[in-house]
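Right, one structure below, let's go through it.
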Amino acid sequence: MNKKKLTVYDLLKLKGKRQIHDVYVNNVEEAIAAEEAGIDMIVTAYGMPQHGIFGTFDDVKRIREAAPNTHLMSAAPERSFATADEAVRAAYKLLSIGCDSFYTNNSTSIIKALYTEKVPVISHVGLIPGHANWIGGFRAIGKTADEALGVLEHALELDDAGAIAVELEVVPTKVAEIITKKVDLLTISMGSGSDCDGQYLFSQDILGYNTGHIPRHSRIYRNFNKEFNRLHKERVNAYKEFITDTENKKFNDPKITVSIDDKEYDQFLNLVEKLS
């Protein structure tokens, strides 16, 4: 389908008007399917095996090329930059191949520098996986009044720094609703309810092929694991049939081989005789 790629301007205009859909894609096939389905934003990243992200920068390029009409957010490997200048360079590298926005959970000073250079930044509040060591592991954030206020203050700081959106991860829905009303940026929920500005899920959860921990906030729409298992069995059976056909010499089938005219063949045999 032909669709208009949503710019940052377009996305911000959607706040309070309709829900935004945002999906992490792992490969070209998922990117193509997401675009065909009409997803507003796709996300991909590279070089972060600690978060289950094994792709390369070239994989990001291929995903960009596969879904040219969908807003693409991407991220440089976590902790691959430590200063504002390095962050701008990392972001420019992704923007130069056509990415539309840049994810970072770094400090507001770095985000302000990115904003100054007109890099559209999407950041993170609540349960930030990269900050798990500071928050006591992977847990809901904002279940006490003080902690909820802290999430709001963090979102307000990011808003002031120039971020265009935040991923609001595993924050109580009532708290997420207040935060969404208090900020101008977009709030994209992951486990924080439908009173945010949009929803974000990973394709491996949507498609049901996540073989690791399945987060409480994920929602499975298809069981690809079952299909992948079926396909694996079919692959094994196909290879076994190939082995059988090879050992039984079943590759002289005229449908898959070429022939030689009898006259030419006789002449060939004569030539062979002369060689001997």
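In the structure tokens, each chain is lettered A, B, ... as it comes, each chain's residues begin at 1, and ligands are numbered from 1 in order of appearance.
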
Query - Shell of 12 Å around Thr83 of chain A, only C-alpha atoms, local chain residues under 6 positions omitted, as an MDAnalysis selection string - result: chainID A and resid 89:90 106:114

Non-local contacts of Ile42 of chain A (9 Å; only C-alpha atoms; under 2 positions in same chain excluded) as a PDB file with N, CA, C and O atoms, in the first residue's frame:
```
ATOM      1  N   HIS A  21       0.552   3.718  16.755  1.00  0.00           N
ATOM      2  CA  HIS A  21       1.030   2.336  16.871  1.00  0.00           C
ATOM      3  C   HIS A  21       2.503   2.256  16.481  1.00  0.00           C
ATOM      4  O   HIS A  21       2.916   2.808  15.474  1.00  0.00           O
ATOM      5  N   ASP A  22       3.254   1.548  17.294  1.00  0.00           N
ATOM      6  CA  ASP A  22       4.704   1.534  17.211  1.00  0.00           C
ATOM      7  C   ASP A  22       5.178   0.097  17.437  1.00  0.00           C
ATOM      8  O   ASP A  22       4.811  -0.528  18.433  1.00  0.00           O
ATOM      9  N   VAL A  23       5.972  -0.442  16.521  1.00  0.00           N
ATOM     10  CA  VAL A  23       6.372  -1.850  16.585  1.00  0.00           C
ATOM     11  C   VAL A  23       7.869  -1.990  16.347  1.00  0.00           C
ATOM     12  O   VAL A  23       8.420  -1.379  15.425  1.00  0.00           O
ATOM     13  N   TYR A  24       8.511  -2.803  17.182  1.00  0.00           N
ATOM     14  CA  TYR A  24       9.911  -3.147  16.945  1.00  0.00           C
ATOM     15  C   TYR A  24       9.971  -4.254  15.901  1.00  0.00           C
ATOM     16  O   TYR A  24       9.299  -5.280  16.037  1.00  0.00           O
ATOM     17  N   VAL A  25      10.782  -4.058  14.862  1.00  0.00           N
ATOM     18  CA  VAL A  25      10.945  -5.084  13.830  1.00  0.00           C
ATOM     19  C   VAL A  25      12.375  -5.594  13.848  1.00  0.00           C
ATOM     20  O   VAL A  25      13.321  -4.844  14.072  1.00  0.00           O
ATOM     21  N   ALA A  31       9.501  -5.649   8.660  1.00  0.00           N
ATOM     22  CA  ALA A  31       9.364  -4.237   8.269  1.00  0.00           C
ATOM     23  C   ALA A  31       8.379  -4.086   7.115  1.00  0.00           C
ATOM     24  O   ALA A  31       7.514  -3.195   7.126  1.00  0.00           O
ATOM     25  N   ALA A  34       4.855  -4.711   8.425  1.00  0.00           N
ATOM     26  CA  ALA A  34       4.371  -3.599   9.253  1.00  0.00           C
ATOM     27  C   ALA A  34       3.936  -2.431   8.386  1.00  0.00           C
ATOM     28  O   ALA A  34       2.895  -1.810   8.638  1.00  0.00           O
ATOM     29  N   GLU A  35       4.726  -2.138   7.360  1.00  0.00           N
ATOM     30  CA  GLU A  35       4.347  -1.046   6.463  1.00  0.00           C
ATOM     31  C   GLU A  35       3.067  -1.373   5.707  1.00  0.00           C
ATOM     32  O   GLU A  35       2.174  -0.526   5.574  1.00  0.00           O
ATOM     33  N   ILE A  39       1.262   0.331  10.047  1.00  0.00           N
ATOM     34  CA  ILE A  39       1.838   0.743  11.329  1.00  0.00           C
ATOM     35  C   ILE A  39       2.424   2.157  11.188  1.00  0.00           C
ATOM     36  O   ILE A  39       3.073   2.473  10.198  1.00  0.00           O
ATOM     37  N   ASP A  40       2.207   3.004  12.208  1.00  0.00           N
ATOM     38  CA  ASP A  40       2.693   4.387  12.162  1.00  0.00           C
ATOM     39  C   ASP A  40       4.207   4.480  12.249  1.00  0.00           C
ATOM     40  O   ASP A  40       4.847   5.239  11.518  1.00  0.00           O
ATOM     41  N   THR A  44      13.976  -0.195  15.122  1.00  0.00           N
ATOM     42  CA  THR A  44      14.983  -1.249  15.074  1.00  0.00           C
ATOM     43  C   THR A  44      16.274  -0.684  15.624  1.00  0.00           C
ATOM     44  O   THR A  44      16.428   0.533  15.756  1.00  0.00           O
ATOM     45  N   ALA A  67      11.123  -0.566   4.072  1.00  0.00           N
ATOM     46  CA  ALA A  67       9.895   0.125   4.492  1.00  0.00           C
ATOM     47  C   ALA A  67      10.115   1.632   4.390  1.00  0.00           C
ATOM     48  O   ALA A  67      10.186   2.342   5.402  1.00  0.00           O
ATOM     49  N   THR A  70       7.448   4.395   6.123  1.00  0.00           N
ATOM     50  CA  THR A  70       7.077   4.301   7.537  1.00  0.00           C
ATOM     51  C   THR A  70       8.141   4.986   8.385  1.00  0.00           C
ATOM     52  O   THR A  70       9.338   4.802   8.148  1.00  0.00           O
ATOM     53  N   HIS A  71       7.689   5.770   9.356  1.00  0.00           N
ATOM     54  CA  HIS A  71       8.622   6.449  10.267  1.00  0.00           C
ATOM     55  C   HIS A  71       9.471   5.397  10.977  1.00  0.00           C
ATOM     56  O   HIS A  71       8.947   4.472  11.584  1.00  0.00           O
ATOM     57  N   LEU A  72      10.786   5.565  10.894  1.00  0.00           N
ATOM     58  CA  LEU A  72      11.707   4.599  11.494  1.00  0.00           C
ATOM     59  C   LEU A  72      12.533   5.260  12.591  1.00  0.00           C
ATOM     60  O   LEU A  72      13.251   6.229  12.342  1.00  0.00           O
ATOM     61  N   MET A  73      12.404   4.735  13.791  1.00  0.00           N
ATOM     62  CA  MET A  73      13.263   5.146  14.901  1.00  0.00           C
ATOM     63  C   MET A  73      14.334   4.084  15.082  1.00  0.00           C
ATOM     64  O   MET A  73      14.045   2.890  15.017  1.00  0.00           O
ATOM     65  N   SER A  74      15.561   4.534  15.318  1.00  0.00           N
ATOM     66  CA  SER A  74      16.627   3.571  15.574  1.00  0.00           C
ATOM     67  C   SER A  74      17.527   4.085  16.683  1.00  0.00           C
ATOM     68  O   SER A  74      17.393   5.221  17.143  1.00  0.00           O
TER      69      SER A  74
END
```

Query raised in the report: What is the distance between atom CA of Lys226 of chain A and atom CA of Ser192 of chain A, in Å to one decimal?
Result: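 Separation of atom CA of Lys226 of chain A and atom CA of Ser192 of chain A: 29.1 Å.
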
Would you return as a PDB file with N, CA and C atoms, in the first residue's frame the members of segment 59-160 of chain A that DSSP assigns to alpha helix (DSSP H) on this structure's backbone?
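Saved as out.pdb:
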```pdb
ATOM      1  N   ASP A  59      21.978  -4.107   8.745  1.00  0.00           N
ATOM      2  CA  ASP A  59      20.599  -4.602   8.873  1.00  0.00           C
ATOM      3  C   ASP A  59      19.623  -3.441   9.016  1.00  0.00           C
ATOM      4  N   VAL A  60      20.024  -2.411   9.746  1.00  0.00           N
ATOM      5  CA  VAL A  60      19.179  -1.215   9.872  1.00  0.00           C
ATOM      6  C   VAL A  60      18.978  -0.580   8.499  1.00  0.00           C
ATOM      7  N   LYS A  61      20.041  -0.499   7.715  1.00  0.00           N
ATOM      8  CA  LYS A  61      19.942   0.065   6.361  1.00  0.00           C
ATOM      9  C   LYS A  61      18.958  -0.728   5.515  1.00  0.00           C
ATOM     10  N   ARG A  62      19.036  -2.053   5.598  1.00  0.00           N
ATOM     11  CA  ARG A  62      18.137  -2.896   4.801  1.00  0.00           C
ATOM     12  C   ARG A  62      16.681  -2.712   5.236  1.00  0.00           C
ATOM     13  N   ILE A  63      16.463  -2.577   6.533  1.00  0.00           N
ATOM     14  CA  ILE A  63      15.098  -2.362   7.035  1.00  0.00           C
ATOM     15  C   ILE A  63      14.575  -1.013   6.568  1.00  0.00           C
ATOM     16  N   ARG A  64      15.446   0.001   6.589  1.00  0.00           N
ATOM     17  CA  ARG A  64      15.030   1.322   6.088  1.00  0.00           C
ATOM     18  C   ARG A  64      14.610   1.234   4.626  1.00  0.00           C
ATOM     19  N   GLU A  65      15.390   0.549   3.829  1.00  0.00           N
ATOM     20  CA  GLU A  65      15.094   0.428   2.397  1.00  0.00           C
ATOM     21  C   GLU A  65      13.833  -0.389   2.150  1.00  0.00           C
ATOM     22  N   ALA A  66      13.555  -1.350   3.036  1.00  0.00           N
ATOM     23  CA  ALA A  66      12.402  -2.235   2.849  1.00  0.00           C
ATOM     24  C   ALA A  66      11.085  -1.549   3.180  1.00  0.00           C
ATOM     25  N   ALA A  84      28.019  14.512  24.496  1.00  0.00           N
ATOM     26  CA  ALA A  84      27.010  15.063  23.589  1.00  0.00           C
ATOM     27  C   ALA A  84      27.492  15.010  22.148  1.00  0.00           C
ATOM     28  N   ASP A  85      28.770  15.330  21.940  1.00  0.00           N
ATOM     29  CA  ASP A  85      29.312  15.314  20.578  1.00  0.00           C
ATOM     30  C   ASP A  85      29.259  13.909  19.989  1.00  0.00           C
ATOM     31  N   GLU A  86      29.633  12.912  20.788  1.00  0.00           N
ATOM     32  CA  GLU A  86      29.581  11.526  20.311  1.00  0.00           C
ATOM     33  C   GLU A  86      28.151  11.096  20.039  1.00  0.00           C
ATOM     34  N   ALA A  87      27.205  11.567  20.855  1.00  0.00           N
ATOM     35  CA  ALA A  87      25.796  11.217  20.655  1.00  0.00           C
ATOM     36  C   ALA A  87      25.279  11.799  19.343  1.00  0.00           C
ATOM     37  N   VAL A  88      25.651  13.035  19.060  1.00  0.00           N
ATOM     38  CA  VAL A  88      25.225  13.662  17.797  1.00  0.00           C
ATOM     39  C   VAL A  88      25.799  12.886  16.616  1.00  0.00           C
ATOM     40  N   ARG A  89      27.059  12.492  16.704  1.00  0.00           N
ATOM     41  CA  ARG A  89      27.667  11.712  15.618  1.00  0.00           C
ATOM     42  C   ARG A  89      26.951  10.372  15.429  1.00  0.00           C
ATOM     43  N   ALA A  90      26.622   9.708  16.541  1.00  0.00           N
ATOM     44  CA  ALA A  90      25.915   8.422  16.451  1.00  0.00           C
ATOM     45  C   ALA A  90      24.542   8.597  15.824  1.00  0.00           C
ATOM     46  N   ALA A  91      23.867   9.682  16.208  1.00  0.00           N
ATOM     47  CA  ALA A  91      22.538   9.954  15.649  1.00  0.00           C
ATOM     48  C   ALA A  91      22.630  10.308  14.164  1.00  0.00           C
ATOM     49  N   TYR A  92      23.593  11.147  13.816  1.00  0.00           N
ATOM     50  CA  TYR A  92      23.761  11.543  12.413  1.00  0.00           C
ATOM     51  C   TYR A  92      24.039  10.334  11.524  1.00  0.00           C
ATOM     52  N   LYS A  93      24.781   9.374  12.063  1.00  0.00           N
ATOM     53  CA  LYS A  93      25.079   8.167  11.283  1.00  0.00           C
ATOM     54  C   LYS A  93      23.790   7.453  10.888  1.00  0.00           C
ATOM     55  N   LEU A  94      22.829   7.402  11.820  1.00  0.00           N
ATOM     56  CA  LEU A  94      21.541   6.753  11.534  1.00  0.00           C
ATOM     57  C   LEU A  94      20.644   7.642  10.671  1.00  0.00           C
ATOM     58  N   LEU A  95      20.633   8.929  10.944  1.00  0.00           N
ATOM     59  CA  LEU A  95      19.817   9.831  10.122  1.00  0.00           C
ATOM     60  C   LEU A  95      20.325   9.867   8.681  1.00  0.00           C
ATOM     61  N   THR A 108      19.543  14.452  30.144  1.00  0.00           N
ATOM     62  CA  THR A 108      18.897  15.579  29.451  1.00  0.00           C
ATOM     63  C   THR A 108      19.927  16.509  28.820  1.00  0.00           C
ATOM     64  N   SER A 109      21.138  16.572  29.362  1.00  0.00           N
ATOM     65  CA  SER A 109      22.158  17.436  28.747  1.00  0.00           C
ATOM     66  C   SER A 109      22.515  16.934  27.350  1.00  0.00           C
ATOM     67  N   ILE A 110      22.590  15.625  27.193  1.00  0.00           N
ATOM     68  CA  ILE A 110      22.863  15.048  25.874  1.00  0.00           C
ATOM     69  C   ILE A 110      21.660  15.239  24.962  1.00  0.00           C
ATOM     70  N   ILE A 111      20.455  15.068  25.506  1.00  0.00           N
ATOM     71  CA  ILE A 111      19.243  15.226  24.691  1.00  0.00           C
ATOM     72  C   ILE A 111      19.084  16.674  24.245  1.00  0.00           C
ATOM     73  N   LYS A 112      19.455  17.623  25.091  1.00  0.00           N
ATOM     74  CA  LYS A 112      19.412  19.037  24.701  1.00  0.00           C
ATOM     75  C   LYS A 112      20.362  19.303  23.539  1.00  0.00           C
ATOM     76  N   ALA A 113      21.543  18.691  23.588  1.00  0.00           N
ATOM     77  CA  ALA A 113      22.506  18.861  22.492  1.00  0.00           C
ATOM     78  C   ALA A 113      21.967  18.278  21.202  1.00  0.00           C
ATOM     79  N   LEU A 114      21.319  17.131  21.292  1.00  0.00           N
ATOM     80  CA  LEU A 114      20.713  16.513  20.109  1.00  0.00           C
ATOM     81  C   LEU A 114      19.599  17.396  19.557  1.00  0.00           C
ATOM     82  N   TYR A 115      18.784  17.942  20.443  1.00  0.00           N
ATOM     83  CA  TYR A 115      17.699  18.833  20.017  1.00  0.00           C
ATOM     84  C   TYR A 115      18.252  20.072  19.326  1.00  0.00           C
ATOM     85  N   THR A 116      19.344  20.625  19.860  1.00  0.00           N
ATOM     86  CA  THR A 116      19.980  21.798  19.247  1.00  0.00           C
ATOM     87  C   THR A 116      20.389  21.504  17.810  1.00  0.00           C
ATOM     88  N   ALA A 132      18.416  -0.963  34.918  1.00  0.00           N
ATOM     89  CA  ALA A 132      17.894  -1.974  35.852  1.00  0.00           C
ATOM     90  C   ALA A 132      18.736  -2.067  37.118  1.00  0.00           C
ATOM     91  N   ASN A 133      20.025  -1.856  37.011  1.00  0.00           N
ATOM     92  CA  ASN A 133      20.914  -1.933  38.175  1.00  0.00           C
ATOM     93  C   ASN A 133      20.600  -0.853  39.205  1.00  0.00           C
ATOM     94  N   TRP A 134      20.060   0.273  38.730  1.00  0.00           N
ATOM     95  CA  TRP A 134      19.758   1.407  39.605  1.00  0.00           C
ATOM     96  C   TRP A 134      18.368   1.306  40.224  1.00  0.00           C
ATOM     97  N   ILE A 135      17.495   0.558  39.588  1.00  0.00           N
ATOM     98  CA  ILE A 135      16.098   0.538  40.051  1.00  0.00           C
ATOM     99  C   ILE A 135      15.699  -0.791  40.685  1.00  0.00           C
ATOM    100  N   ALA A 145       3.601   7.010  45.673  1.00  0.00           N
ATOM    101  CA  ALA A 145       3.391   8.412  45.296  1.00  0.00           C
ATOM    102  C   ALA A 145       4.709   9.089  44.936  1.00  0.00           C
ATOM    103  N   ASP A 146       5.741   8.871  45.760  1.00  0.00           N
ATOM    104  CA  ASP A 146       7.030   9.512  45.506  1.00  0.00           C
ATOM    105  C   ASP A 146       7.647   9.030  44.202  1.00  0.00           C
ATOM    106  N   GLU A 147       7.542   7.725  43.977  1.00  0.00           N
ATOM    107  CA  GLU A 147       8.124   7.169  42.752  1.00  0.00           C
ATOM    108  C   GLU A 147       7.345   7.633  41.527  1.00  0.00           C
ATOM    109  N   ALA A 148       6.016   7.693  41.643  1.00  0.00           N
ATOM    110  CA  ALA A 148       5.190   8.183  40.533  1.00  0.00           C
ATOM    111  C   ALA A 148       5.550   9.623  40.201  1.00  0.00           C
ATOM    112  N   LEU A 149       5.762  10.434  41.231  1.00  0.00           N
ATOM    113  CA  LEU A 149       6.159  11.830  41.018  1.00  0.00           C
ATOM    114  C   LEU A 149       7.509  11.889  40.315  1.00  0.00           C
ATOM    115  N   GLY A 150       8.402  10.974  40.689  1.00  0.00           N
ATOM    116  CA  GLY A 150       9.711  10.929  40.048  1.00  0.00           C
ATOM    117  C   GLY A 150       9.610  10.633  38.558  1.00  0.00           C
ATOM    118  N   VAL A 151       8.709   9.740  38.183  1.00  0.00           N
ATOM    119  CA  VAL A 151       8.520   9.431  36.762  1.00  0.00           C
ATOM    120  C   VAL A 151       7.987  10.657  36.035  1.00  0.00           C
ATOM    121  N   LEU A 152       7.022  11.342  36.643  1.00  0.00           N
ATOM    122  CA  LEU A 152       6.477  12.564  36.040  1.00  0.00           C
ATOM    123  C   LEU A 152       7.565  13.623  35.876  1.00  0.00           C
ATOM    124  N   GLU A 153       8.356  13.827  36.914  1.00  0.00           N
ATOM    125  CA  GLU A 153       9.418  14.833  36.844  1.00  0.00           C
ATOM    126  C   GLU A 153      10.434  14.491  35.759  1.00  0.00           C
ATOM    127  N   HIS A 154      10.740  13.205  35.628  1.00  0.00           N
ATOM    128  CA  HIS A 154      11.658  12.764  34.573  1.00  0.00           C
ATOM    129  C   HIS A 154      11.079  13.079  33.191  1.00  0.00           C
ATOM    130  N   ALA A 155       9.791  12.781  33.008  1.00  0.00           N
ATOM    131  CA  ALA A 155       9.132  13.064  31.728  1.00  0.00           C
ATOM    132  C   ALA A 155       9.118  14.559  31.440  1.00  0.00           C
ATOM    133  N   LEU A 156       8.873  15.374  32.452  1.00  0.00           N
ATOM    134  CA  LEU A 156       8.869  16.835  32.271  1.00  0.00           C
ATOM    135  C   LEU A 156      10.259  17.351  31.900  1.00  0.00           C
ATOM    136  N   GLU A 157      11.286  16.784  32.511  1.00  0.00           N
ATOM    137  CA  GLU A 157      12.658  17.170  32.172  1.00  0.00           C
ATOM    138  C   GLU A 157      12.976  16.845  30.713  1.00  0.00           C
ATOM    139  N   LEU A 158      12.543  15.667  30.275  1.00  0.00           N
ATOM    140  CA  LEU A 158      12.781  15.266  28.883  1.00  0.00           C
ATOM    141  C   LEU A 158      11.998  16.154  27.925  1.00  0.00           C
ATOM    142  N   ASP A 159      10.794  16.532  28.330  1.00  0.00           N
ATOM    143  CA  ASP A 159       9.979  17.451  27.539  1.00  0.00           C
ATOM    144  C   ASP A 159      10.711  18.785  27.376  1.00  0.00           C
ATOM    145  N   ASP A 160      11.226  19.319  28.468  1.00  0.00           N
ATOM    146  CA  ASP A 160      11.954  20.587  28.432  1.00  0.00           C
ATOM    147  C   ASP A 160      13.244  20.475  27.629  1.00  0.00           C
TER     148      ASP A 160
END
```

**Report entry** His217 of chain A environment, 9 Å, only C-alpha atoms, sequence neighbours closer than 6 positions dropped, as a list of chain:residue names
**Finding:** A:Val170, A:Met190, A:Gly191, A:Ser192, A:Leu201

Report task. Quick one: pull the distance between atom CA of Tyr239 of chain A and atom CA of Asn252 of chain A, Å, one decimal. Result -> 18.7 Å

Report task. Pick out each residue of segment 34-267 of chain A that DSSP on the backbone tags as strand (DSSP E); I need them as a PyMOL selection string. Result -> chain A and resi 41-45+71-75+101-103+121-126+165-169+186-190+198-202

Please produce a file of those selected residues containing C-alpha atoms, as a CSV table (one decimal), in the first residue's frame.
```
chain,number,residue,atom,x,y,z
A,41,MET,CA,6.2,3.8,13.4
A,42,ILE,CA,8.7,1.0,13.3
A,43,VAL,CA,11.8,0.6,15.5
A,44,THR,CA,15.0,-1.2,15.1
A,45,ALA,CA,18.5,-1.1,16.5
A,71,HIS,CA,8.6,6.4,10.3
A,72,LEU,CA,11.7,4.6,11.5
A,73,MET,CA,13.3,5.1,14.9
A,74,SER,CA,16.6,3.6,15.6
A,75,ALA,CA,19.3,3.6,18.2
A,101,SER,CA,14.2,9.7,14.8
A,102,PHE,CA,16.8,8.6,17.4
A,103,TYR,CA,16.4,6.7,20.7
A,121,VAL,CA,14.9,12.2,20.1
A,122,ILE,CA,12.6,9.5,21.7
A,123,SER,CA,13.6,8.7,25.3
A,124,HIS,CA,12.4,6.5,28.1
A,125,VAL,CA,10.9,6.7,31.6
A,126,GLY,CA,9.6,4.2,34.1
A,165,ALA,CA,8.4,11.3,22.8
A,166,VAL,CA,9.1,8.9,25.6
A,167,GLU,CA,8.6,5.2,26.0
A,168,LEU,CA,6.5,4.9,29.2
A,169,GLU,CA,7.4,1.4,30.4
A,186,LEU,CA,4.2,11.9,23.0
A,187,THR,CA,3.9,9.1,25.5
A,188,ILE,CA,4.3,5.7,24.0
A,189,SER,CA,3.1,2.9,26.3
A,190,MET,CA,4.7,-0.4,26.9
A,198,GLY,CA,0.3,5.3,21.7
A,199,GLN,CA,1.3,1.6,22.1
A,200,TYR,CA,4.6,-0.1,21.5
A,201,LEU,CA,5.3,-3.8,21.3
A,202,PHE,CA,8.0,-6.1,19.9
```

Requested in this report: Name the closest residue to Asn27 of chain A among the candidates A:Ile178, A:Ile53, A:Leu185, A:Ala161; distances are taken between atoms, counting only C-alpha atoms.
Outcome: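 Closest candidate: A:Ile53.
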
Report task. Determine the nearest neighbour of Asp195 of chain A from the options A:Asn223, A:Thr257, A:Gln19, A:Thr7, counting only C-alpha atoms. Result ->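 Residue with the minimum atom-to-atom distance to Asp195 of chain A: A:Gln19.
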
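Proximity to Asp197 of chain A was assessed for A:Lys181, A:Thr144, A:Phe81, A:Leu6 counting only C-alpha atoms; the smallest distance is recorded for A:Lys181.
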